[in-house]
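Worksheet for the structure shown next.
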Amino acid sequence: MLTATELRKAMIASAGEDESITLGEGFETTDFVELGFDSLALMETCSQLKRTHGVVIPDETLWDFVTPEELLRWVNDNISR
(Lines give C-alpha, C1' and ligand atoms only; values in the text may rest on other atoms or scores of the structure.)
Protein backbone atom coordinates (compact mmCIF):
# COMPACT_ATOMS: atom_id res chain seq x y z
CA MET A 1 0.00 0.00 0.00
CA LEU A 2 1.27 3.43 -0.96
CA THR A 3 1.05 6.00 1.83
CA ALA A 4 0.59 9.75 1.53
CA THR A 5 4.13 10.16 2.91
CA GLU A 6 5.56 7.95 0.15
CA LEU A 7 3.58 9.84 -2.48
CA ARG A 8 4.84 13.14 -1.05
CA LYS A 9 8.45 11.89 -1.36
CA ALA A 10 7.88 10.85 -4.98
CA MET A 11 6.28 14.19 -5.79
CA ILE A 12 9.09 16.19 -4.19
CA ALA A 13 11.70 14.12 -6.05
CA SER A 14 9.78 14.71 -9.27
CA ALA A 15 9.59 18.46 -8.81
CA GLY A 16 13.36 18.66 -9.13
CA GLU A 17 14.78 22.03 -8.30
CA ASP A 18 11.45 23.87 -8.37
CA GLU A 19 11.54 25.48 -4.93
CA SER A 20 7.98 26.77 -5.34
CA ILE A 21 6.61 23.25 -4.82
CA THR A 22 5.46 22.89 -1.24
CA LEU A 23 3.64 19.85 -0.01
CA GLY A 24 2.43 20.69 3.45
CA GLU A 25 -0.27 19.07 5.47
CA GLY A 26 -3.39 18.41 3.45
CA PHE A 27 -1.51 18.39 0.13
CA GLU A 28 -3.44 15.26 -0.86
CA THR A 29 -6.70 17.14 -1.39
CA THR A 30 -5.18 20.11 -3.21
CA ASP A 31 -5.34 20.23 -7.01
CA PHE A 32 -2.07 19.40 -8.75
CA VAL A 33 -2.23 22.77 -10.50
CA GLU A 34 -2.51 24.62 -7.18
CA LEU A 35 0.48 22.64 -5.91
CA GLY A 36 2.49 23.88 -8.89
CA PHE A 37 2.58 20.52 -10.64
CA ASP A 38 2.45 20.64 -14.40
CA SER A 39 2.00 17.67 -16.71
CA LEU A 40 5.74 16.97 -16.84
CA ALA A 41 6.04 16.85 -13.03
CA LEU A 42 3.01 14.57 -12.85
CA MET A 43 4.51 12.23 -15.44
CA GLU A 44 7.77 12.17 -13.50
CA THR A 45 5.88 11.38 -10.29
CA CYS A 46 4.35 8.38 -12.03
CA SER A 47 7.80 7.30 -13.20
CA GLN A 48 9.05 7.55 -9.61
CA LEU A 49 6.15 5.39 -8.43
CA LYS A 50 6.93 2.83 -11.12
CA ARG A 51 10.57 2.64 -10.03
CA THR A 52 9.86 2.52 -6.30
CA HIS A 53 6.59 0.57 -6.15
CA GLY A 54 6.34 -1.19 -9.50
CA VAL A 55 2.99 0.33 -10.34
CA VAL A 56 2.36 1.39 -13.93
CA ILE A 57 -0.15 4.18 -14.40
CA PRO A 58 -1.48 4.28 -17.97
CA ASP A 59 -1.09 7.66 -19.67
CA GLU A 60 -4.80 7.84 -20.44
CA THR A 61 -5.56 7.38 -16.72
CA LEU A 62 -2.93 9.85 -15.57
CA TRP A 63 -4.79 12.85 -16.96
CA ASP A 64 -7.94 11.95 -14.99
CA PHE A 65 -6.30 12.75 -11.64
CA VAL A 66 -7.01 16.21 -10.27
CA THR A 67 -5.55 15.73 -6.78
CA PRO A 68 -2.81 13.59 -5.24
CA GLU A 69 -5.57 11.86 -3.23
CA GLU A 70 -7.12 10.57 -6.47
CA LEU A 71 -3.73 9.32 -7.65
CA LEU A 72 -3.08 7.67 -4.29
CA ARG A 73 -6.47 5.95 -4.32
CA TRP A 74 -5.94 4.66 -7.87
CA VAL A 75 -2.48 3.32 -7.04
CA ASN A 76 -3.73 1.54 -3.93
CA ASP A 77 -6.67 0.08 -5.82
CA ASN A 78 -4.40 -1.19 -8.62
CA ILE A 79 -1.11 -2.04 -6.95
CA SER A 80 -0.21 -5.70 -6.97
CA ARG A 81 1.47 -6.87 -3.83
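By order in the C-alpha coordinates, chains are A, B, ...; within a chain, residues start at 1; ligands start at 1, following the order shown.
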
Polymer residues at most 9 Å from Phe37 in chain A, only C-alpha atoms, same-chain spacing of 5 or more positions, as a count of residues only | 6

Mind listing the helix (DSSP H, G or I) residues of chain A, per DSSP on the backbone, as a VMD selection string?
-> chain A and resid 4 to 15 27 to 29 32 to 35 39 to 53 59 to 62 68 to 78

Using only C-alpha atoms, which residue out of A:Thr61, A:Asn76, A:Val55, A:Ala4 lies closest to Phe27 in chain A?
->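 Checking each of A:Thr61, A:Asn76, A:Val55, A:Ala4 against Phe27 in chain A, counting only C-alpha atoms, the winner is A:Ala4.
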
Spatial neighbours of Ser47 in chain A, 12 Å, only C-alpha atoms, chain gap at least 3 places, as number ranges by chain = A: 7, 10-11, 13-14, 40-44, 50-59, 62

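Closest approach to Glu69 in chain A among A:Leu23, A:Glu6, A:Met1, A:Thr30: A:Thr30, based on only C-alpha atoms.
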